[in-house]
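Everything below belongs to entry28.csv, which stores CSV, C-alpha atoms.
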chain,number,residue,atom,x,y,z
A,184,MET,CA,34.5,-10.7,-20.7
A,185,SER,CA,36.2,-14.1,-20.1
A,186,LYS,CA,34.8,-17.3,-21.4
A,187,ARG,CA,34.0,-18.2,-17.8
A,188,GLU,CA,32.1,-15.0,-17.2
A,189,LEU,CA,30.2,-15.5,-20.5
A,190,LYS,CA,29.1,-19.0,-19.5
A,191,LYS,CA,28.0,-17.8,-16.1
A,192,GLU,CA,26.0,-14.9,-17.6
A,193,TYR,CA,24.4,-17.4,-20.1
A,194,LEU,CA,23.4,-19.6,-17.2
A,195,LEU,CA,22.0,-16.7,-15.3
A,196,GLU,CA,20.0,-15.4,-18.2
A,197,ALA,CA,18.5,-18.8,-19.0
A,198,GLY,CA,17.7,-19.4,-15.3
A,199,ILE,CA,16.1,-16.0,-14.7
A,200,LYS,CA,13.6,-16.7,-17.5
A,201,VAL,CA,12.4,-19.8,-15.7
A,202,MET,CA,12.5,-18.4,-12.2
A,203,ALA,CA,10.6,-15.2,-13.3
A,204,THR,CA,7.6,-17.3,-14.2
A,205,ARG,CA,7.7,-20.3,-11.9
A,206,GLY,CA,9.1,-18.5,-8.8
A,207,TYR,CA,12.1,-19.5,-6.6
A,208,ASN,CA,10.4,-22.5,-5.0
A,209,GLY,CA,8.9,-23.6,-8.2
A,210,THR,CA,12.3,-23.7,-9.9
A,211,SER,CA,14.9,-26.4,-9.3
A,212,ILE,CA,18.6,-26.4,-10.2
A,213,GLN,CA,17.7,-29.1,-12.7
A,214,ASP,CA,15.2,-26.7,-14.3
A,215,ILE,CA,17.9,-24.0,-14.6
A,216,VAL,CA,20.5,-26.3,-16.2
A,217,ASP,CA,17.8,-27.8,-18.5
A,218,ALA,CA,16.9,-24.2,-19.6
A,219,ALA,CA,20.6,-23.5,-20.4
A,220,ASN,CA,21.1,-26.9,-21.9
A,221,VAL,CA,24.2,-27.7,-19.8
A,222,PRO,CA,25.0,-30.6,-17.5
A,223,LYS,CA,24.1,-30.2,-13.8
A,224,GLY,CA,27.6,-30.2,-12.6
A,225,SER,CA,28.5,-27.0,-14.4
A,226,PHE,CA,25.9,-25.1,-12.2
A,227,TYR,CA,28.2,-25.7,-9.2
A,228,THR,CA,31.2,-24.3,-11.1
A,229,TYR,CA,29.5,-20.9,-10.9
A,230,PHE,CA,27.1,-21.0,-8.0
A,231,LYS,CA,27.3,-22.5,-4.5
A,232,SER,CA,23.5,-23.1,-4.3
A,233,LYS,CA,20.1,-22.0,-5.7
A,234,GLU,CA,20.1,-19.2,-3.2
A,235,ASP,CA,23.5,-18.0,-4.4
A,236,PHE,CA,22.1,-18.2,-8.0
A,237,ALA,CA,19.1,-16.1,-7.0
A,238,ILE,CA,21.2,-13.4,-5.4
A,239,GLU,CA,23.4,-13.0,-8.5
A,240,ALA,CA,20.3,-13.1,-10.6
A,241,ILE,CA,18.7,-10.2,-8.7
A,242,GLU,CA,21.9,-8.2,-9.0
A,243,MET,CA,22.2,-8.9,-12.7
A,244,VAL,CA,18.6,-7.9,-13.4
A,245,ALA,CA,19.0,-4.7,-11.4
A,246,GLU,CA,22.3,-3.8,-13.1
A,247,GLU,CA,20.8,-4.4,-16.6
A,248,ARG,CA,17.9,-2.1,-15.8
A,249,ALA,CA,20.1,0.6,-14.3
A,250,LEU,CA,22.3,0.6,-17.3
A,251,ALA,CA,19.3,0.8,-19.7
A,252,SER,CA,17.9,3.8,-17.9
A,253,LYS,CA,21.2,5.6,-17.0
A,254,ARG,CA,21.3,7.9,-20.1
A,255,LEU,CA,17.7,8.7,-19.8
A,256,VAL,CA,17.9,9.6,-16.1
A,257,SER,CA,21.0,11.8,-16.4
A,258,ASP,CA,20.1,13.7,-19.6
A,259,ARG,CA,19.8,17.2,-18.1
A,260,SER,CA,18.5,18.7,-21.3
A,261,VAL,CA,15.1,17.1,-20.4
A,262,PRO,CA,13.1,18.5,-17.3
A,263,PRO,CA,13.5,16.2,-14.3
A,264,LEU,CA,9.8,15.3,-14.0
A,265,ALA,CA,9.7,14.3,-17.7
A,266,ARG,CA,12.7,12.2,-17.0
A,267,LEU,CA,11.0,10.6,-14.0
A,268,LYS,CA,8.0,9.7,-16.1
A,269,ALA,CA,10.3,8.3,-18.8
A,270,PHE,CA,12.2,6.3,-16.2
A,271,PHE,CA,9.0,4.5,-15.2
A,272,GLU,CA,7.7,4.3,-18.7
A,273,SER,CA,10.9,2.8,-20.0
A,274,ASN,CA,10.1,-0.3,-18.1
A,275,VAL,CA,6.6,-0.7,-19.7
A,276,PRO,CA,7.5,-2.2,-23.1
A,277,GLY,CA,9.4,-5.0,-21.4
A,278,CYS,CA,6.3,-5.6,-19.2
A,279,GLU,CA,3.9,-5.6,-22.1
A,280,SER,CA,5.8,-8.0,-24.2
A,281,ASN,CA,5.6,-10.3,-21.2
A,282,LEU,CA,2.7,-9.7,-19.0
A,283,ASN,CA,3.7,-12.9,-17.2
A,284,GLY,CA,6.7,-12.5,-14.9
A,285,GLY,CA,6.0,-9.0,-13.6
A,286,CYS,CA,9.1,-7.5,-11.8
A,287,PHE,CA,11.7,-10.2,-11.1
A,288,ILE,CA,13.0,-8.3,-8.1
A,289,GLY,CA,9.5,-7.7,-6.8
A,290,ASN,CA,8.7,-11.4,-7.2
A,291,MET,CA,11.8,-12.4,-5.2
A,292,CYS,CA,10.9,-9.9,-2.6
A,293,GLN,CA,7.4,-11.2,-2.2
A,294,GLU,CA,8.3,-14.9,-2.3
A,295,MET,CA,11.6,-15.0,-0.5
A,296,SER,CA,12.0,-12.2,2.0
A,297,ASP,CA,10.6,-14.3,4.8
A,298,SER,CA,12.6,-17.4,4.1
A,299,SER,CA,16.0,-16.2,3.0
A,300,GLU,CA,17.7,-13.4,4.8
A,301,ALA,CA,20.4,-13.2,2.2
A,302,ILE,CA,17.9,-12.7,-0.6
A,303,ARG,CA,16.0,-10.2,1.5
A,304,ILE,CA,19.1,-8.1,2.0
A,305,LYS,CA,20.0,-8.1,-1.7
A,306,VAL,CA,16.4,-7.2,-2.7
A,307,ARG,CA,16.4,-4.3,-0.1
A,308,GLN,CA,19.7,-3.0,-1.5
A,309,MET,CA,18.5,-3.1,-5.1
A,310,MET,CA,15.1,-1.4,-4.3
A,311,ARG,CA,16.9,1.2,-2.2
A,312,ASN,CA,19.2,2.0,-5.2
A,313,LYS,CA,16.2,2.4,-7.5
A,314,THR,CA,14.3,4.5,-5.0
A,315,GLN,CA,17.4,6.7,-4.8
A,316,ILE,CA,17.2,7.5,-8.6
A,317,VAL,CA,13.5,8.5,-8.1
A,318,GLU,CA,14.5,10.7,-5.1
A,319,ASP,CA,17.4,12.4,-7.0
A,320,LEU,CA,15.0,13.3,-9.9
A,321,LEU,CA,12.4,14.7,-7.4
A,322,GLU,CA,15.1,16.8,-5.7
A,323,GLU,CA,16.1,18.2,-9.1
A,324,ALA,CA,12.4,19.0,-9.7
A,325,LYS,CA,12.1,20.7,-6.4
A,326,LEU,CA,15.2,22.8,-7.0
A,327,ASP,CA,14.0,24.0,-10.4
A,328,GLY,CA,10.6,24.8,-9.0
A,329,SER,CA,8.7,22.3,-11.2
A,330,LEU,CA,7.7,20.1,-8.1
A,331,LYS,CA,5.7,22.1,-5.6
A,332,LYS,CA,4.6,19.3,-3.4
A,333,ALA,CA,5.2,19.8,0.4
A,334,VAL,CA,5.8,16.1,1.0
A,335,PRO,CA,9.6,15.5,1.5
A,336,THR,CA,11.2,14.0,-1.6
A,337,ASN,CA,12.5,10.9,0.2
A,338,ILE,CA,9.0,10.0,1.3
A,339,LEU,CA,7.5,10.8,-2.1
A,340,ALA,CA,10.2,8.7,-3.7
A,341,GLU,CA,9.6,5.8,-1.4
A,342,PHE,CA,5.8,6.1,-2.1
A,343,MET,CA,6.2,6.3,-5.9
A,344,PHE,CA,8.6,3.4,-6.2
A,345,ASN,CA,6.4,1.2,-4.2
A,346,ALA,CA,3.3,2.3,-6.1
A,347,TRP,CA,5.1,1.3,-9.2
A,348,GLU,CA,6.0,-2.2,-7.8
A,349,GLY,CA,2.4,-2.6,-6.7
A,350,ALA,CA,1.2,-1.7,-10.2
A,351,LEU,CA,3.5,-4.3,-11.7
A,352,MET,CA,2.2,-6.9,-9.2
A,353,ARG,CA,-1.4,-6.1,-10.0
A,354,MET,CA,-0.7,-6.6,-13.7
A,355,LYS,CA,0.1,-10.2,-12.9
A,356,ALA,CA,-3.5,-10.7,-11.8
A,357,THR,CA,-5.2,-8.6,-14.4
A,358,LYS,CA,-3.0,-9.5,-17.5
A,359,CYS,CA,-3.7,-6.0,-18.8
A,360,ARG,CA,-2.1,-2.5,-18.9
A,361,GLU,CA,-4.7,-0.9,-16.7
A,362,PRO,CA,-2.6,-0.8,-13.4
A,363,LEU,CA,0.3,0.7,-15.3
A,364,ASP,CA,-1.8,3.3,-17.0
A,365,ALA,CA,-3.4,4.3,-13.7
A,366,PHE,CA,0.1,4.7,-12.2
A,367,LEU,CA,1.3,6.9,-15.1
A,368,THR,CA,-1.8,9.0,-15.1
A,369,VAL,CA,-1.6,9.7,-11.3
A,370,LEU,CA,2.1,10.2,-11.5
A,371,SER,CA,1.6,13.1,-13.9
A,372,SER,CA,-1.0,14.7,-11.7
A,373,ILE,CA,1.1,14.2,-8.5
A,374,ASN,CA,3.9,16.1,-10.0
A,375,GLY,CA,1.7,18.8,-11.2
A,376,ASP,CA,2.5,18.6,-14.9
B,261,MET,CA,-21.7,-23.2,11.8
B,262,SER,CA,-21.7,-27.0,11.5
B,263,LYS,CA,-18.9,-29.1,12.9
B,264,ARG,CA,-17.7,-29.8,9.4
B,265,GLU,CA,-17.5,-26.1,8.6
B,266,LEU,CA,-15.7,-25.4,11.8
B,267,LYS,CA,-13.1,-28.1,11.0
B,268,LYS,CA,-12.6,-26.8,7.5
B,269,GLU,CA,-12.2,-23.3,8.9
B,270,TYR,CA,-9.6,-24.5,11.4
B,271,LEU,CA,-7.7,-26.3,8.7
B,272,LEU,CA,-7.8,-23.1,6.5
B,273,GLU,CA,-6.6,-20.9,9.4
B,274,ALA,CA,-3.7,-23.2,10.3
B,275,GLY,CA,-2.7,-23.6,6.7
B,276,ILE,CA,-2.8,-19.9,5.9
B,277,LYS,CA,-0.3,-19.2,8.6
B,278,VAL,CA,2.2,-21.5,7.0
B,279,MET,CA,1.5,-20.5,3.4
B,280,ALA,CA,1.7,-16.8,4.3
B,281,THR,CA,5.4,-17.1,5.3
B,282,ARG,CA,6.6,-20.0,3.2
B,283,GLY,CA,4.6,-19.3,0.0
B,284,TYR,CA,2.5,-21.6,-2.0
B,285,ASN,CA,5.3,-23.6,-3.5
B,286,GLY,CA,7.2,-23.8,-0.2
B,287,THR,CA,4.1,-25.3,1.5
B,288,SER,CA,3.1,-28.9,1.1
B,289,ILE,CA,-0.2,-30.5,2.0
B,290,GLN,CA,1.8,-32.3,4.7
B,291,ASP,CA,2.9,-28.9,6.2
B,292,ILE,CA,-0.8,-27.8,6.3
B,293,VAL,CA,-2.0,-30.9,8.1
B,294,ASP,CA,1.0,-30.8,10.4
B,295,ALA,CA,0.2,-27.2,11.3
B,296,ALA,CA,-3.5,-28.2,12.1
B,297,ASN,CA,-2.4,-31.3,13.8
B,298,VAL,CA,-4.8,-33.5,11.8
B,299,PRO,CA,-4.1,-36.7,9.7
B,300,LYS,CA,-3.4,-36.1,6.1
B,301,GLY,CA,-6.5,-37.9,4.9
B,302,SER,CA,-8.8,-35.3,6.5
B,303,PHE,CA,-7.3,-32.6,4.1
B,304,TYR,CA,-9.0,-34.4,1.2
B,305,THR,CA,-12.4,-34.4,3.0
B,306,TYR,CA,-12.4,-30.6,2.6
B,307,PHE,CA,-10.2,-29.8,-0.4
B,308,LYS,CA,-9.6,-31.4,-3.8
B,309,SER,CA,-6.0,-30.2,-4.0
B,310,LYS,CA,-3.5,-27.6,-2.7
B,311,GLU,CA,-4.7,-25.2,-5.4
B,312,ASP,CA,-8.3,-25.7,-4.2
B,313,PHE,CA,-7.1,-25.0,-0.6
B,314,ALA,CA,-5.3,-21.8,-1.8
B,315,ILE,CA,-8.4,-20.5,-3.6
B,316,GLU,CA,-10.6,-21.0,-0.5
B,317,ALA,CA,-7.8,-19.4,1.7
B,318,ILE,CA,-7.7,-16.3,-0.5
B,319,GLU,CA,-11.5,-16.0,-0.3
B,320,MET,CA,-11.4,-16.5,3.5
B,321,VAL,CA,-8.7,-13.8,4.1
B,322,ALA,CA,-10.5,-11.4,1.8
B,323,GLU,CA,-13.9,-11.9,3.6
B,324,GLU,CA,-12.4,-11.6,7.0
B,325,ARG,CA,-10.8,-8.3,6.1
B,326,ALA,CA,-13.9,-7.0,4.4
B,327,LEU,CA,-15.9,-7.8,7.5
B,328,ALA,CA,-13.4,-6.1,9.7
B,329,SER,CA,-13.5,-2.9,7.7
B,330,LYS,CA,-17.2,-2.9,6.8
B,331,ARG,CA,-18.4,-0.7,9.7
B,332,LEU,CA,-15.6,1.7,9.4
B,333,VAL,CA,-16.1,2.1,5.6
B,334,SER,CA,-19.9,2.6,5.8
B,335,ASP,CA,-20.0,5.0,8.8
B,336,ARG,CA,-21.4,8.1,7.1
B,337,SER,CA,-20.9,10.2,10.2
B,338,VAL,CA,-17.1,10.3,9.3
B,339,PRO,CA,-16.0,12.2,6.2
B,340,PRO,CA,-15.2,9.9,3.2
B,341,LEU,CA,-11.5,10.8,3.0
B,342,ALA,CA,-11.0,10.2,6.7
B,343,ARG,CA,-12.7,6.8,6.2
B,344,LEU,CA,-10.4,6.0,3.3
B,345,LYS,CA,-7.3,6.7,5.4
B,346,ALA,CA,-8.8,4.6,8.3
B,347,PHE,CA,-9.6,1.8,5.8
B,348,PHE,CA,-5.9,1.6,4.9
B,349,GLU,CA,-4.6,2.2,8.4
B,350,SER,CA,-6.9,-0.5,9.8
B,351,ASN,CA,-4.6,-3.0,8.1
B,352,VAL,CA,-1.5,-1.7,9.7
B,353,PRO,CA,-1.6,-3.3,13.1
B,354,GLY,CA,-1.9,-6.7,11.6
B,355,CYS,CA,1.1,-6.0,9.5
B,356,GLU,CA,3.1,-4.6,12.4
B,357,SER,CA,2.6,-7.5,14.6
B,358,ASN,CA,3.8,-9.7,11.8
B,359,LEU,CA,6.2,-7.9,9.5
B,360,ASN,CA,6.8,-11.3,7.9
B,361,GLY,CA,3.9,-12.4,5.7
B,362,GLY,CA,3.0,-9.1,4.1
B,363,CYS,CA,-0.4,-9.3,2.3
B,364,PHE,CA,-1.5,-12.9,1.8
B,365,ILE,CA,-3.5,-12.1,-1.3
B,366,GLY,CA,-0.6,-10.0,-2.7
B,367,ASN,CA,1.8,-12.9,-2.1
B,368,MET,CA,-0.5,-15.3,-3.9
B,369,CYS,CA,-0.8,-12.8,-6.8
B,370,GLN,CA,2.9,-12.4,-7.1
B,371,GLU,CA,3.8,-16.1,-6.8
B,372,MET,CA,1.0,-17.9,-8.5
B,373,SER,CA,-0.6,-15.7,-11.1
B,374,ASP,CA,1.6,-17.1,-13.9
B,375,SER,CA,1.3,-20.7,-12.9
B,376,SER,CA,-2.4,-21.1,-11.8
B,377,GLU,CA,-5.1,-19.6,-13.8
B,378,ALA,CA,-7.7,-20.5,-11.1
B,379,ILE,CA,-5.7,-18.7,-8.4
B,380,ARG,CA,-5.1,-15.7,-10.7
B,381,ILE,CA,-8.8,-15.3,-11.3
B,382,LYS,CA,-9.6,-15.5,-7.6
B,383,VAL,CA,-6.9,-13.0,-6.7
B,384,ARG,CA,-8.2,-10.6,-9.5
B,385,GLN,CA,-11.7,-10.8,-8.1
B,386,MET,CA,-10.7,-10.1,-4.5
B,387,MET,CA,-8.4,-7.2,-5.5
B,388,ARG,CA,-11.2,-5.8,-7.7
B,389,ASN,CA,-13.6,-5.9,-4.8
B,390,LYS,CA,-11.2,-4.1,-2.6
B,391,THR,CA,-10.4,-1.5,-5.2
B,392,GLN,CA,-14.2,-0.9,-5.5
B,393,ILE,CA,-14.4,0.1,-1.8
B,394,VAL,CA,-11.6,2.6,-2.4
B,395,GLU,CA,-13.5,3.9,-5.5
B,396,ASP,CA,-16.8,4.2,-3.6
B,397,LEU,CA,-15.1,6.3,-0.9
B,398,LEU,CA,-13.4,8.6,-3.5
B,399,GLU,CA,-16.8,9.1,-5.3
B,400,GLU,CA,-18.4,10.1,-2.0
B,401,ALA,CA,-15.5,12.5,-1.5
B,402,LYS,CA,-15.9,14.0,-5.0
B,403,LEU,CA,-19.6,14.4,-4.4
B,404,ASP,CA,-19.2,16.3,-1.1
B,405,GLY,CA,-16.4,18.4,-2.6
B,406,SER,CA,-13.6,17.2,-0.3
B,407,LEU,CA,-11.8,15.6,-3.2
B,408,LYS,CA,-10.9,18.1,-5.9
B,409,LYS,CA,-8.5,16.0,-8.0
B,410,ALA,CA,-9.2,15.9,-11.7
B,411,VAL,CA,-8.1,12.3,-12.1
B,412,PRO,CA,-11.2,10.0,-12.5
B,413,THR,CA,-12.0,8.1,-9.3
B,414,ASN,CA,-11.7,4.7,-10.9
B,415,ILE,CA,-8.1,5.4,-12.0
B,416,LEU,CA,-7.2,7.0,-8.6
B,417,ALA,CA,-8.7,4.0,-6.8
B,418,GLU,CA,-6.7,1.5,-9.0
B,419,PHE,CA,-3.6,3.6,-8.3
B,420,MET,CA,-4.1,3.8,-4.6
B,421,PHE,CA,-4.9,0.2,-4.0
B,422,ASN,CA,-1.8,-0.9,-6.0
B,423,ALA,CA,0.4,1.6,-4.2
B,424,TRP,CA,-0.8,0.1,-0.9
B,425,GLU,CA,0.0,-3.4,-2.1
B,426,GLY,CA,3.4,-2.2,-3.2
B,427,ALA,CA,4.1,-0.7,0.2
B,428,LEU,CA,3.1,-4.0,1.9
B,429,MET,CA,5.5,-5.8,-0.4
B,430,ARG,CA,8.3,-3.4,0.2
B,431,MET,CA,7.9,-3.9,4.0
B,432,LYS,CA,8.8,-7.6,3.4
B,433,ALA,CA,12.2,-6.4,2.3
B,434,THR,CA,12.7,-3.6,4.8
B,435,LYS,CA,11.2,-5.1,7.9
B,436,CYS,CA,10.2,-1.7,9.0
B,437,ARG,CA,7.2,0.7,8.9
B,438,GLU,CA,8.7,3.2,6.5
B,439,PRO,CA,7.0,2.1,3.3
B,440,LEU,CA,3.6,2.2,5.1
B,441,ASP,CA,4.3,5.6,6.6
B,442,ALA,CA,5.3,7.0,3.2
B,443,PHE,CA,2.0,5.6,1.8
B,444,LEU,CA,-0.1,7.2,4.5
B,445,THR,CA,1.7,10.5,4.3
B,446,VAL,CA,1.3,10.8,0.5
B,447,LEU,CA,-2.3,9.6,0.7
B,448,SER,CA,-3.2,12.5,2.9
B,449,SER,CA,-1.5,15.0,0.5
B,450,ILE,CA,-3.2,13.4,-2.6
B,451,ASN,CA,-6.6,13.8,-1.2
B,452,GLY,CA,-5.9,17.4,-0.3
B,453,ASP,CA,-6.6,17.1,3.5
Render the structure in this file as structure tokens.
Amino acid sequence: MSKRELKKEYLLEAGIKVMATRGYNGTSIQDIVDAANVPKGSFYTYFKSKEDFAIEAIEMVAEERALASKRLVSDRSVPPLARLKAFFESNVPGCESNLNGGCFIGNMCQEMSDSSEAIRIKVRQMMRNKTQIVEDLLEEAKLDGSLKKAVPTNILAEFMFNAWEGALMRMKATKCREPLDAFLTVLSSINGD
Amino acid sequence: MSKRELKKEYLLEAGIKVMATRGYNGTSIQDIVDAANVPKGSFYTYFKSKEDFAIEAIEMVAEERALASKRLVSDRSVPPLARLKAFFESNVPGCESNLNGGCFIGNMCQEMSDSSEAIRIKVRQMMRNKTQIVEDLLEEAKLDGSLKKAVPTNILAEFMFNAWEGALMRMKATKCREPLDAFLTVLSSINGD
């Protein structure tokens, strides 16, 4: 990674931490450069605008998560439904250590979809990619006979991913694990394990 | 309703429309009074602050929805699981006519839970009330034998309500009915009808 790329990544990471708790509208470019401890001018070396920053931030968060769960999802020595549960569960520790924040992509979706078309499109893409992982695992489970549900896998995947995002959102209000535990409990029963 | 109450309600309704699309941080008190076409001073006749306004707005939206679904939910001539589906479906037209906005209470939860403790507590209360309605219907369904699921009704209710909120959130990114339809399809299959 070049020095330029490293600096950009550092700015993104520092800014995401602020934006994850204060929201897009509650975060100024000044807040981002303050968090990274760099002069304001350097922000514009890497980003055209706050919107541009948010789009790259959404992409970065999605890529980091995808990378973290890649091995887990594709490990065919584990049954697909167990991998699906692990895929969702793998996000839990990060949530617990920071019950503030919730899901960064979910936050951007909720706050910005109506006011920035560019952010909405990026969020939609990232959510579609993640839903695709869920669908692939459900298809595998249907193939090996462990998933007997009549509902088509694409619909079930859409439902499950959104239920997960809803649980993360609810955790912001409750500040406790209950919504997550309810999700994981019903997930097990839906799949029939 | 007194003239004062009417004026306050009018200000709330006009302000909610703005805040539902621009978010809390994207809406100023000036925006609210502009939308209601009243002088800025009159805002402070009714509300101490923007936070105070948001709390009353959350309560108003929740009460209006509860009132709208009250008859539907308590009509014991309809089987409980059919009422549950109708309870969720009854929110769909409002969403369709305005795919922007999503769920006002969900939006406030996502954007403000980390930065305003007062808003977080109000959101948590309103979501708990709504989850209680879902749980009551599931209990009725368990009693009359139409719900056979082993998962406890309080956990299933928590899961379902959050799945619904997640679907509404996803609709903000997709601008289509798909997330809702997926929710309603799986809801039917979960309940075993």
Item to check | Atom pair atom CA of B:Glu418 / atom CA of A:Leu351: separation (Å) | outcome: 12.0 Å
Write out as a Markdown table a residue-level contact list of chain A versus chain B with cut-off 7 Å: for each qualifying residue the closest pair of atoms and the distance in Å to one decimal, counting all atoms listed in the file, rows sorted by chain and residue number upward.
| residue | atom | partner | partner_atom | distance |
| --- | --- | --- | --- | --- |
| A:Thr204 | CA | B:Asp374 | CA | 6.0 |
| A:Arg205 | CA | B:Ser375 | CA | 6.5 |
| A:Gly206 | CA | B:Glu371 | CA | 6.2 |
| A:Asn208 | CA | B:Asn285 | CA | 5.4 |
| A:Gly209 | CA | B:Asn285 | CA | 5.9 |
| A:Asn283 | CA | B:Asp374 | CA | 5.7 |
| A:Gly284 | CA | B:Asp374 | CA | 6.9 |
| A:Asn290 | CA | B:Gln370 | CA | 5.9 |
| A:Cys292 | CA | B:Ala433 | CA | 6.2 |
| A:Gln293 | CA | B:Asn367 | CA | 5.9 |
| A:Glu294 | CA | B:Gly283 | CA | 6.2 |
| A:Ser296 | CA | B:Lys432 | CA | 5.8 |
| A:Asp297 | CA | B:Asn360 | CA | 5.7 |
| A:Ser298 | CA | B:Arg282 | CA | 6.6 |
| A:Arg303 | CA | B:Ala433 | CA | 5.4 |
| A:Val306 | CA | B:Ala433 | CA | 6.6 |
| A:Arg307 | CA | B:Ala433 | CA | 5.3 |
| A:Val334 | CA | B:Val446 | CA | 7.0 |
| A:Ile338 | CA | B:Ala442 | CA | 5.1 |
| A:Leu339 | CA | B:Val446 | CA | 6.7 |
| A:Glu341 | CA | B:Ala442 | CA | 6.4 |
| A:Phe342 | CA | B:Ala442 | CA | 5.4 |
| A:Asn345 | CA | B:Gly426 | CA | 4.6 |
| A:Ala346 | CA | B:Ala423 | CA | 3.5 |
| A:Trp347 | CA | B:Ala423 | CA | 6.9 |
| A:Glu348 | CA | B:Gly426 | CA | 5.3 |
| A:Gly349 | CA | B:Gly426 | CA | 3.7 |
| A:Ala350 | CA | B:Asn422 | CA | 5.2 |
| A:Met352 | CA | B:Gln370 | CA | 5.9 |
| A:Arg353 | CA | B:Asn422 | CA | 6.6 |
| A:Lys355 | CA | B:Ser373 | CA | 5.8 |
| A:Ala356 | CA | B:Arg384 | CA | 5.2 |
| A:Thr357 | CA | B:Arg384 | CA | 6.1 |
| A:Pro362 | CA | B:Glu418 | CA | 6.4 |
| A:Ala365 | CA | B:Ile415 | CA | 5.1 |
| A:Phe366 | CA | B:Phe419 | CA | 5.5 |
| A:Val369 | CA | B:Leu416 | CA | 6.8 |
Could you save those same residues with C-alpha atoms as a PDB file, in the frame of the given file?
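Produced file selection36.pdb, reproduced below:
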ATOM      1  CA  THR A 204       7.600 -17.300 -14.200  1.00  0.00           C
ATOM      2  CA  ARG A 205       7.700 -20.300 -11.900  1.00  0.00           C
ATOM      3  CA  GLY A 206       9.100 -18.500  -8.800  1.00  0.00           C
ATOM      4  CA  ASN A 208      10.400 -22.500  -5.000  1.00  0.00           C
ATOM      5  CA  GLY A 209       8.900 -23.600  -8.200  1.00  0.00           C
ATOM      6  CA  ASN A 283       3.700 -12.900 -17.200  1.00  0.00           C
ATOM      7  CA  GLY A 284       6.700 -12.500 -14.900  1.00  0.00           C
ATOM      8  CA  ASN A 290       8.700 -11.400  -7.200  1.00  0.00           C
ATOM      9  CA  CYS A 292      10.900  -9.900  -2.600  1.00  0.00           C
ATOM     10  CA  GLN A 293       7.400 -11.200  -2.200  1.00  0.00           C
ATOM     11  CA  GLU A 294       8.300 -14.900  -2.300  1.00  0.00           C
ATOM     12  CA  SER A 296      12.000 -12.200   2.000  1.00  0.00           C
ATOM     13  CA  ASP A 297      10.600 -14.300   4.800  1.00  0.00           C
ATOM     14  CA  SER A 298      12.600 -17.400   4.100  1.00  0.00           C
ATOM     15  CA  ARG A 303      16.000 -10.200   1.500  1.00  0.00           C
ATOM     16  CA  VAL A 306      16.400  -7.200  -2.700  1.00  0.00           C
ATOM     17  CA  ARG A 307      16.400  -4.300  -0.100  1.00  0.00           C
ATOM     18  CA  VAL A 334       5.800  16.100   1.000  1.00  0.00           C
ATOM     19  CA  ILE A 338       9.000  10.000   1.300  1.00  0.00           C
ATOM     20  CA  LEU A 339       7.500  10.800  -2.100  1.00  0.00           C
ATOM     21  CA  GLU A 341       9.600   5.800  -1.400  1.00  0.00           C
ATOM     22  CA  PHE A 342       5.800   6.100  -2.100  1.00  0.00           C
ATOM     23  CA  ASN A 345       6.400   1.200  -4.200  1.00  0.00           C
ATOM     24  CA  ALA A 346       3.300   2.300  -6.100  1.00  0.00           C
ATOM     25  CA  TRP A 347       5.100   1.300  -9.200  1.00  0.00           C
ATOM     26  CA  GLU A 348       6.000  -2.200  -7.800  1.00  0.00           C
ATOM     27  CA  GLY A 349       2.400  -2.600  -6.700  1.00  0.00           C
ATOM     28  CA  ALA A 350       1.200  -1.700 -10.200  1.00  0.00           C
ATOM     29  CA  MET A 352       2.200  -6.900  -9.200  1.00  0.00           C
ATOM     30  CA  ARG A 353      -1.400  -6.100 -10.000  1.00  0.00           C
ATOM     31  CA  LYS A 355       0.100 -10.200 -12.900  1.00  0.00           C
ATOM     32  CA  ALA A 356      -3.500 -10.700 -11.800  1.00  0.00           C
ATOM     33  CA  THR A 357      -5.200  -8.600 -14.400  1.00  0.00           C
ATOM     34  CA  PRO A 362      -2.600  -0.800 -13.400  1.00  0.00           C
ATOM     35  CA  ALA A 365      -3.400   4.300 -13.700  1.00  0.00           C
ATOM     36  CA  PHE A 366       0.100   4.700 -12.200  1.00  0.00           C
ATOM     37  CA  VAL A 369      -1.600   9.700 -11.300  1.00  0.00           C
TER      38      VAL A 369
END
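With all atoms listed in the file as the basis for measurement, B:Phe348 is the residue among B:Thr391, B:Phe348, B:Glu319, B:Lys263 that approaches B:Leu332 most closely.
Here atom CA of A:Phe230 and atom CA of A:Asn312 stand 24.5 Å from one another.
Pairwise distance (atom CA of B:Arg331, atom CA of B:Arg264) equals 29.1 Å.
For the choices B:Ala342, B:Val333, B:Ser262, B:Ile276, the atom-to-atom distance to B:Ile315 is smallest for B:Ile276 when using only C-alpha atoms.
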Checklist entry - What residues have an atom no more than 12 Å from (24.1, -28.9, -13.9) in the file's own frame, counting only C-alpha atoms, and can you write them as a PyMOL selection string? => result chain A and resi 191+194+198+211-233
